[in-house]
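Next up, run-v6.cif (mmCIF, C-alpha atoms):
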```cif
data_structure
loop_
_atom_site.group_PDB
_atom_site.id
_atom_site.type_symbol
_atom_site.label_atom_id
_atom_site.label_comp_id
_atom_site.auth_asym_id
_atom_site.auth_seq_id
_atom_site.Cartn_x
_atom_site.Cartn_y
_atom_site.Cartn_z
ATOM 1 C CA MET A 216 0.000 0.000 0.000
ATOM 2 C CA THR A 217 1.369 3.415 -0.931
ATOM 3 C CA VAL A 218 -0.044 6.413 0.877
ATOM 4 C CA SER A 219 -0.023 9.862 -0.675
ATOM 5 C CA THR A 220 1.602 11.989 2.006
ATOM 6 C CA LEU A 221 -0.383 14.544 3.960
ATOM 7 C CA THR A 222 2.735 15.872 5.712
ATOM 8 C CA GLY A 223 2.392 19.616 6.192
ATOM 9 C CA SER A 224 -1.399 19.548 6.017
ATOM 10 C CA LEU A 225 -3.836 20.397 8.770
ATOM 11 C CA LEU A 226 -6.376 17.995 10.138
ATOM 12 C CA VAL A 227 -9.416 19.940 11.283
ATOM 13 C CA ALA A 228 -11.835 18.066 13.518
ATOM 14 C CA THR A 229 -15.309 17.856 12.012
ATOM 15 C CA PRO A 230 -18.370 18.352 14.222
ATOM 16 C CA LEU A 231 -18.686 14.530 14.262
ATOM 17 C CA LEU A 232 -15.525 14.377 16.380
ATOM 18 C CA ASP A 233 -17.100 15.783 19.522
ATOM 19 C CA GLU A 234 -15.117 14.102 22.317
ATOM 20 C CA PRO A 235 -11.928 15.262 24.036
ATOM 21 C CA PRO A 236 -9.086 15.456 23.301
ATOM 22 C CA PHE A 237 -9.859 16.127 19.638
ATOM 23 C CA ARG A 238 -13.067 18.172 19.803
ATOM 24 C CA ARG A 239 -12.501 21.253 17.601
ATOM 25 C CA SER A 240 -8.828 20.487 17.331
ATOM 26 C CA VAL A 241 -6.478 21.542 14.564
ATOM 27 C CA ILE A 242 -3.549 19.182 14.032
ATOM 28 C CA LEU A 243 -0.426 19.920 12.033
ATOM 29 C CA LEU A 244 0.798 16.710 10.390
ATOM 30 C CA LEU A 245 4.563 16.529 10.773
ATOM 31 C CA ASP A 246 4.980 13.088 9.261
ATOM 32 C CA HIS A 247 2.695 10.864 7.194
ATOM 33 C CA ASP A 248 3.671 7.786 5.209
ATOM 34 C CA ASP A 249 2.877 4.083 4.809
ATOM 35 C CA ASP A 250 3.820 3.459 8.444
ATOM 36 C CA GLY A 251 1.334 5.949 9.896
ATOM 37 C CA ALA A 252 1.127 9.593 10.877
ATOM 38 C CA LEU A 253 2.348 11.961 13.589
ATOM 39 C CA GLY A 254 1.118 15.448 14.327
ATOM 40 C CA VAL A 255 0.585 18.017 17.048
ATOM 41 C CA VAL A 256 -2.566 19.827 18.134
ATOM 42 C CA VAL A 257 -1.711 23.472 17.482
ATOM 43 C CA ASN A 258 -4.725 25.099 19.121
ATOM 44 C CA ARG A 259 -4.511 23.840 22.730
ATOM 45 C CA ALA A 260 -2.366 26.143 24.842
ATOM 46 C CA ALA A 261 -1.720 24.813 28.339
ATOM 47 C CA ASP A 262 -1.648 26.925 31.465
ATOM 48 C CA LEU A 263 2.031 26.149 32.037
ATOM 49 C CA ALA A 264 4.846 28.504 31.107
ATOM 50 C CA VAL A 265 7.766 26.982 29.198
ATOM 51 C CA ASP A 266 10.205 28.547 31.683
ATOM 52 C CA ARG A 267 8.717 26.331 34.434
ATOM 53 C CA VAL A 268 9.582 23.054 32.654
ATOM 54 C CA LEU A 269 12.253 23.897 30.056
ATOM 55 C CA PRO A 270 13.831 27.143 31.275
ATOM 56 C CA ASP A 271 16.716 27.003 28.780
ATOM 57 C CA TRP A 272 14.214 27.215 25.927
ATOM 58 C CA SER A 273 11.891 29.882 27.358
ATOM 59 C CA THR A 274 13.413 32.723 25.335
ATOM 60 C CA ALA A 275 13.269 30.705 22.091
ATOM 61 C CA VAL A 276 9.501 30.091 22.068
ATOM 62 C CA ASP A 277 6.928 32.462 20.653
ATOM 63 C CA GLU A 278 4.140 34.098 22.598
ATOM 64 C CA PRO A 279 2.208 33.141 24.590
ATOM 65 C CA GLY A 280 5.304 31.392 26.005
ATOM 66 C CA VAL A 281 3.437 28.345 27.255
ATOM 67 C CA LEU A 282 3.466 24.650 26.498
ATOM 68 C CA PHE A 283 0.854 23.402 24.073
ATOM 69 C CA MET A 284 -0.985 20.118 24.509
ATOM 70 C CA GLY A 285 0.198 18.350 21.367
ATOM 71 C CA GLY A 286 -1.971 15.278 21.782
ATOM 72 C CA PRO A 287 -2.807 12.331 23.976
ATOM 73 C CA VAL A 288 0.290 10.234 23.180
ATOM 74 C CA GLY A 289 3.525 10.665 25.122
ATOM 75 C CA THR A 290 2.327 13.573 27.262
ATOM 76 C CA ASP A 291 5.380 13.173 29.486
ATOM 77 C CA SER A 292 7.639 14.134 26.576
ATOM 78 C CA ALA A 293 8.014 17.319 24.571
ATOM 79 C CA LEU A 294 8.314 18.075 20.862
ATOM 80 C CA ALA A 295 9.534 21.435 19.622
ATOM 81 C CA VAL A 296 8.243 22.608 16.260
ATOM 82 C CA ALA A 297 10.213 25.442 14.714
ATOM 83 C CA GLU A 298 10.470 27.510 11.583
ATOM 84 C CA VAL A 299 14.027 28.163 10.497
ATOM 85 C CA VAL A 300 15.229 31.240 8.683
ATOM 86 C CA GLU A 301 15.796 30.779 4.972
ATOM 87 C CA ALA A 302 18.734 28.510 4.056
ATOM 88 C CA ALA A 303 19.394 27.591 7.706
ATOM 89 C CA ASP A 304 20.155 23.991 8.636
ATOM 90 C CA PRO A 305 21.043 24.223 12.325
ATOM 91 C CA PRO A 306 22.246 21.291 14.428
ATOM 92 C CA GLY A 307 19.431 19.424 16.130
ATOM 93 C CA TRP A 308 16.807 20.476 13.562
ATOM 94 C CA ARG A 309 15.046 17.962 11.303
ATOM 95 C CA GLU A 310 12.983 19.255 8.396
ATOM 96 C CA CYS A 311 9.412 18.017 8.180
ATOM 97 C CA PHE A 312 8.289 20.213 5.273
ATOM 98 C CA GLY A 313 9.461 23.529 3.896
ATOM 99 C CA ARG A 314 11.092 25.529 6.675
ATOM 100 C CA ILE A 315 9.084 23.774 9.409
ATOM 101 C CA GLY A 316 10.723 21.012 11.407
ATOM 102 C CA LEU A 317 11.432 19.462 14.779
ATOM 103 C CA VAL A 318 14.098 20.686 17.177
ATOM 104 C CA ASP A 319 16.002 18.277 19.411
ATOM 105 C CA LEU A 320 15.540 19.775 22.876
ATOM 106 C CA ASP A 321 18.747 18.078 24.055
ATOM 107 C CA VAL A 322 20.798 20.384 21.820
ATOM 108 C CA PRO A 323 22.001 23.526 23.629
ATOM 109 C CA PRO A 324 19.744 26.429 22.578
ATOM 110 C CA VAL A 325 22.776 28.614 21.886
ATOM 111 C CA LEU A 326 23.591 26.412 18.857
ATOM 112 C CA LEU A 327 20.318 27.428 17.221
ATOM 113 C CA GLU A 328 20.492 31.173 17.883
ATOM 114 C CA GLY A 329 19.796 33.140 14.739
ATOM 115 C CA ALA A 330 18.600 30.062 12.837
ATOM 116 C CA ILE A 331 15.136 29.714 14.413
ATOM 117 C CA SER A 332 12.570 32.359 13.531
ATOM 118 C CA ARG A 333 9.652 30.884 15.513
ATOM 119 C CA MET A 334 9.133 27.946 17.833
ATOM 120 C CA ARG A 335 6.491 26.223 19.954
ATOM 121 C CA ILE A 336 6.873 23.332 22.390
ATOM 122 C CA PHE A 337 4.217 20.631 22.624
ATOM 123 C CA ALA A 338 3.600 18.147 25.427
ATOM 124 C CA GLY A 339 2.670 14.929 23.684
ATOM 125 C CA TYR A 340 1.531 14.296 20.148
ATOM 126 C CA ALA A 341 -1.206 12.683 18.076
ATOM 127 C CA GLY A 342 -0.282 9.461 16.321
ATOM 128 C CA TRP A 343 -1.910 6.980 13.968
ATOM 129 C CA SER A 344 -0.815 3.536 12.849
ATOM 130 C CA SER A 345 -0.691 2.527 9.194
ATOM 131 C CA GLY A 346 -4.061 3.190 7.538
ATOM 132 C CA GLN A 347 -5.729 4.420 10.740
ATOM 133 C CA LEU A 348 -5.779 8.115 9.807
ATOM 134 C CA GLU A 349 -7.035 7.364 6.307
ATOM 135 C CA GLY A 350 -9.894 5.389 7.871
ATOM 136 C CA GLU A 351 -10.804 8.271 10.193
ATOM 137 C CA ILE A 352 -10.779 10.714 7.267
ATOM 138 C CA ALA A 353 -13.023 8.373 5.231
ATOM 139 C CA GLU A 354 -15.426 8.139 8.202
ATOM 140 C CA GLY A 355 -15.754 11.931 8.260
ATOM 141 C CA ALA A 356 -13.827 12.686 11.457
ATOM 142 C CA TRP A 357 -11.284 15.046 9.846
ATOM 143 C CA TYR A 358 -11.094 17.648 7.125
ATOM 144 C CA VAL A 359 -7.695 17.839 5.454
ATOM 145 C CA VAL A 360 -6.731 21.386 4.477
ATOM 146 C CA GLU A 361 -3.614 23.300 3.525
ATOM 147 C CA SER A 362 -1.630 24.809 6.384
ATOM 148 C CA VAL A 363 -0.106 28.253 6.617
ATOM 149 C CA THR A 364 2.702 29.130 8.996
ATOM 150 C CA GLU A 365 0.453 31.373 11.084
ATOM 151 C CA ASP A 366 -1.663 28.322 11.960
ATOM 152 C CA VAL A 367 1.254 26.963 13.972
ATOM 153 C CA PHE A 368 2.650 30.162 15.467
ATOM 154 C CA GLY A 369 -0.342 32.534 15.628
ATOM 155 C CA HIS A 370 -1.117 34.469 18.798
ATOM 156 C CA ASP A 371 -4.748 33.392 19.152
ATOM 157 C CA PRO A 372 -4.849 29.572 19.145
ATOM 158 C CA GLU A 373 -8.319 29.441 20.752
ATOM 159 C CA THR A 374 -9.957 30.795 17.581
ATOM 160 C CA LEU A 375 -7.885 28.737 15.121
ATOM 161 C CA TRP A 376 -10.537 26.078 14.441
ATOM 162 C CA ARG A 377 -13.025 28.703 13.245
ATOM 163 C CA ARG A 378 -10.404 30.728 11.345
ATOM 164 C CA VAL A 379 -9.125 27.711 9.408
ATOM 165 C CA LEU A 380 -12.653 26.707 8.431
ATOM 166 C CA ARG A 381 -13.624 30.276 7.531
ATOM 167 C CA ARG A 382 -10.787 30.625 4.998
ATOM 168 C CA GLN A 383 -11.848 27.550 3.006
ATOM 169 C CA HIS A 384 -13.365 28.242 -0.418
ATOM 170 C CA ASP A 385 -16.201 25.742 -0.279
ATOM 171 C CA GLN A 386 -19.101 24.842 1.975
ATOM 172 C CA MET A 387 -16.650 23.940 4.710
ATOM 173 C CA ALA A 388 -16.434 27.683 5.463
ATOM 174 C CA TYR A 389 -20.011 27.610 6.757
ATOM 175 C CA LEU A 390 -18.965 25.259 9.552
ATOM 176 C CA ALA A 391 -16.999 28.095 11.150
ATOM 177 C CA THR A 392 -20.348 29.224 12.564
ATOM 178 C CA TYR A 393 -21.230 25.788 13.942
ATOM 179 C CA PRO A 394 -22.453 26.365 17.521
ATOM 180 C CA ASP A 395 -20.510 25.060 20.511
ATOM 181 C CA ASP A 396 -23.672 23.246 21.641
ATOM 182 C CA PRO A 397 -25.973 22.522 18.673
ATOM 183 C CA THR A 398 -28.822 21.577 21.024
ATOM 184 C CA MET A 399 -28.951 25.188 22.211
ATOM 185 C CA ASN A 400 -29.295 26.540 18.677
#
```
How does this structure look as structure tokens?
Amino acid sequence: MTVSTLTGSLLVATPLLDEPPFRRSVILLLDHDDDGALGVVVNRAADLAVDRVLPDWSTAVDEPGVLFMGGPVGTDSALAVAEVVEAADPPGWRECFGRIGLVDLDVPPVLLEGAISRMRIFAGYAGWSSGQLEGEIAEGAWYVVESVTEDVFGHDPETLWRRVLRRQHDQMAYLATYPDDPTMN
């Protein structure tokens, strides 16, 4: 089986996916191939400052300067997603797509100074085994849309689900107005 890669795309939870931790989530896919998929939820800021858990990296992360809940898998570990400046290939950085990649948090931050333009740190990640994500998409749990850099590093993650839907050029844009509780509509 050969999977067409969705790496770099966003998974946007449809209204059918109404249970935590994925209700109204927006996931950036960092890796997708025949073996499965890995991504991080980019619209769930935690109430925990980066300087409390990874003080060496606190000046490298973008506002709001907090950890993000990347997903339900491996919540005791952290993934750093960064955008590098053009033509940079710093130590400890692995490209996922374009100028977006993962930073090895064991590398001293000083080695990446000047090479990282933006960065966020995620506790945990979302993962799918081979064929699992494709099945969930076919069942209607996720919309797959193009990502833009601001989706990952924007200053208002709470409104990202609606903003991503609103910018679509089809009927998906109407879902941006979907009520939080449809029974109260």
| Sel. within 9 Å of pt (-1.9, 2.2, 10.7), counting all atoms listed in the file, output as a ChimeraX atom specification | /A:249-252,343-349
Take the PyMOL selection byres ((chain A and resi 311) around 12), run it mentally on this structure, and tell me the resulting residues as a PDB file with C-alpha atoms, in the frame of the given file.
```pdb
ATOM      1  CA  THR A 220       1.602  11.989   2.006  1.00  0.00           C
ATOM      2  CA  LEU A 221      -0.383  14.544   3.960  1.00  0.00           C
ATOM      3  CA  THR A 222       2.735  15.872   5.712  1.00  0.00           C
ATOM      4  CA  GLY A 223       2.392  19.616   6.192  1.00  0.00           C
ATOM      5  CA  SER A 224      -1.399  19.548   6.017  1.00  0.00           C
ATOM      6  CA  LEU A 243      -0.426  19.920  12.033  1.00  0.00           C
ATOM      7  CA  LEU A 244       0.798  16.710  10.390  1.00  0.00           C
ATOM      8  CA  LEU A 245       4.563  16.529  10.773  1.00  0.00           C
ATOM      9  CA  ASP A 246       4.980  13.088   9.261  1.00  0.00           C
ATOM     10  CA  HIS A 247       2.695  10.864   7.194  1.00  0.00           C
ATOM     11  CA  LEU A 253       2.348  11.961  13.589  1.00  0.00           C
ATOM     12  CA  GLY A 254       1.118  15.448  14.327  1.00  0.00           C
ATOM     13  CA  ALA A 295       9.534  21.435  19.622  1.00  0.00           C
ATOM     14  CA  VAL A 296       8.243  22.608  16.260  1.00  0.00           C
ATOM     15  CA  ALA A 297      10.213  25.442  14.714  1.00  0.00           C
ATOM     16  CA  GLU A 298      10.470  27.510  11.583  1.00  0.00           C
ATOM     17  CA  VAL A 299      14.027  28.163  10.497  1.00  0.00           C
ATOM     18  CA  TRP A 308      16.807  20.476  13.562  1.00  0.00           C
ATOM     19  CA  ARG A 309      15.046  17.962  11.303  1.00  0.00           C
ATOM     20  CA  GLU A 310      12.983  19.255   8.396  1.00  0.00           C
ATOM     21  CA  PHE A 312       8.289  20.213   5.273  1.00  0.00           C
ATOM     22  CA  GLY A 313       9.461  23.529   3.896  1.00  0.00           C
ATOM     23  CA  ARG A 314      11.092  25.529   6.675  1.00  0.00           C
ATOM     24  CA  ILE A 315       9.084  23.774   9.409  1.00  0.00           C
ATOM     25  CA  GLY A 316      10.723  21.012  11.407  1.00  0.00           C
ATOM     26  CA  LEU A 317      11.432  19.462  14.779  1.00  0.00           C
ATOM     27  CA  VAL A 318      14.098  20.686  17.177  1.00  0.00           C
TER      28      VAL A 318
END
```
| query | Where does the PyMOL selection byres ((chain A and resi 303) around 9) land in this file, that is, which residues does it pick, as a PyMOL selection string? | reply | chain A and resi 299-302+304-305+314+329-331
| said: I need the output of the PyMOL selection byres ((chain A and resi 230) around 8) for this file as an MDAnalysis selection string; which residues are they? | reply: chainID A and resid 228:229 231:233 238:239 356 393
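Among the candidate residues A:Leu326, A:Ala391, A:Leu282, A:Leu294, the one lying nearest to Trp376 (chain A) is A:Ala391, with distances computed using all atoms listed in the file.
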| task | Show which residues sit within 10 Å of region 271-281 of chain A, as number ranges by chain. Count all atoms listed in the file, and ignore same-chain residues fewer than 3 positions away. | result | A: 260-268, 284, 295-297, 320, 323-325, 327-328, 331-337, 368-372
| task | Can you pull out every residue within 12 Å of Arg382 (chain A), counting all atoms listed in the file, but drop anything in the same chain fewer than 3 positions away, and send it as a list in words? | result | Val360, Glu361, Ser362, Val363, Asp366, Leu375, Trp376, Arg377, Arg378, Val379, Asp385, Gln386, Met387, Ala388, Tyr389, Leu390 and Ala391 of chain A
Taking all atoms of region 252-264 of chain A that appear in the file, build a box with edges along x, y and z, extend it by 3 Å on every side, and state its centre and edge lengths in Å to one decimal, as JSON.
```
{"center_x": 0.1, "center_y": 19.0, "center_z": 21.5, "size_x": 15.6, "size_y": 24.9, "size_z": 27.2}
```
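The space separating CA of His384 (chain A) from CA of Tyr340 (chain A) comes to 29.0 Å.
Distances from A:Gly342, A:Gly355, A:Pro394, A:Pro236 to Gly289 (chain A) were compared using all atoms listed in the file, and the smallest one belongs to A:Gly342.
Separating CA of Val255 (chain A) from CA of Val367 (chain A) is a distance of 9.5 Å.
Picture a line from CA of Arg259 (chain A) to CA of Val241 (chain A); it runs 8.7 Å.
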File contents for region 378-392 of chain A with N, CA, C and O atoms as an mmCIF file, in the first residue's frame:
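The result, stored in decode11.cif:
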```cif
data_model
loop_
_atom_site.group_PDB
_atom_site.id
_atom_site.type_symbol
_atom_site.label_atom_id
_atom_site.label_comp_id
_atom_site.auth_asym_id
_atom_site.auth_seq_id
_atom_site.Cartn_x
_atom_site.Cartn_y
_atom_site.Cartn_z
ATOM 1 N N ARG A 378 -11.137 29.985 12.376
ATOM 2 C CA ARG A 378 -10.404 30.728 11.345
ATOM 3 C C ARG A 378 -9.994 29.840 10.176
ATOM 4 O O ARG A 378 -10.089 30.243 9.018
ATOM 5 N N VAL A 379 -9.527 28.628 10.482
ATOM 6 C CA VAL A 379 -9.125 27.711 9.408
ATOM 7 C C VAL A 379 -10.338 27.337 8.557
ATOM 8 O O VAL A 379 -10.263 27.332 7.327
ATOM 9 N N LEU A 380 -11.449 27.031 9.189
ATOM 10 C CA LEU A 380 -12.653 26.707 8.431
ATOM 11 C C LEU A 380 -13.129 27.900 7.609
ATOM 12 O O LEU A 380 -13.490 27.755 6.440
ATOM 13 N N ARG A 381 -13.130 29.075 8.202
ATOM 14 C CA ARG A 381 -13.624 30.276 7.531
ATOM 15 C C ARG A 381 -12.852 30.584 6.251
ATOM 16 O O ARG A 381 -13.418 31.079 5.286
ATOM 17 N N ARG A 382 -11.571 30.275 6.182
ATOM 18 C CA ARG A 382 -10.787 30.625 4.998
ATOM 19 C C ARG A 382 -10.919 29.620 3.854
ATOM 20 O O ARG A 382 -10.366 29.817 2.780
ATOM 21 N N GLN A 383 -11.660 28.536 4.074
ATOM 22 C CA GLN A 383 -11.848 27.550 3.006
ATOM 23 C C GLN A 383 -12.792 28.125 1.948
ATOM 24 O O GLN A 383 -13.662 28.941 2.241
ATOM 25 N N HIS A 384 -12.619 27.671 0.705
ATOM 26 C CA HIS A 384 -13.365 28.242 -0.418
ATOM 27 C C HIS A 384 -14.534 27.371 -0.851
ATOM 28 O O HIS A 384 -14.965 27.446 -1.992
ATOM 29 N N ASP A 385 -15.057 26.576 0.048
ATOM 30 C CA ASP A 385 -16.201 25.742 -0.279
ATOM 31 C C ASP A 385 -17.173 25.780 0.896
ATOM 32 O O ASP A 385 -17.071 26.645 1.770
ATOM 33 N N GLN A 386 -18.093 24.843 0.916
ATOM 34 C CA GLN A 386 -19.101 24.842 1.975
ATOM 35 C C GLN A 386 -18.531 24.595 3.363
ATOM 36 O O GLN A 386 -19.204 24.842 4.352
ATOM 37 N N MET A 387 -17.301 24.137 3.416
ATOM 38 C CA MET A 387 -16.650 23.940 4.710
ATOM 39 C C MET A 387 -16.588 25.261 5.495
ATOM 40 O O MET A 387 -16.636 25.254 6.721
ATOM 41 N N ALA A 388 -16.509 26.373 4.804
ATOM 42 C CA ALA A 388 -16.434 27.683 5.463
ATOM 43 C C ALA A 388 -17.660 27.948 6.338
ATOM 44 O O ALA A 388 -17.557 28.624 7.368
ATOM 45 N N TYR A 389 -18.795 27.414 5.959
ATOM 46 C CA TYR A 389 -20.011 27.610 6.757
ATOM 47 C C TYR A 389 -19.905 26.977 8.136
ATOM 48 O O TYR A 389 -20.546 27.413 9.086
ATOM 49 N N LEU A 390 -19.101 25.938 8.266
ATOM 50 C CA LEU A 390 -18.965 25.259 9.552
ATOM 51 C C LEU A 390 -18.271 26.114 10.604
ATOM 52 O O LEU A 390 -18.332 25.795 11.789
ATOM 53 N N ALA A 391 -17.642 27.193 10.186
ATOM 54 C CA ALA A 391 -16.999 28.095 11.150
ATOM 55 C C ALA A 391 -18.027 28.683 12.110
ATOM 56 O O ALA A 391 -17.687 29.101 13.215
ATOM 57 N N THR A 392 -19.284 28.688 11.706
ATOM 58 C CA THR A 392 -20.348 29.224 12.564
ATOM 59 C C THR A 392 -21.077 28.135 13.344
ATOM 60 O O THR A 392 -22.044 28.429 14.036
#
```
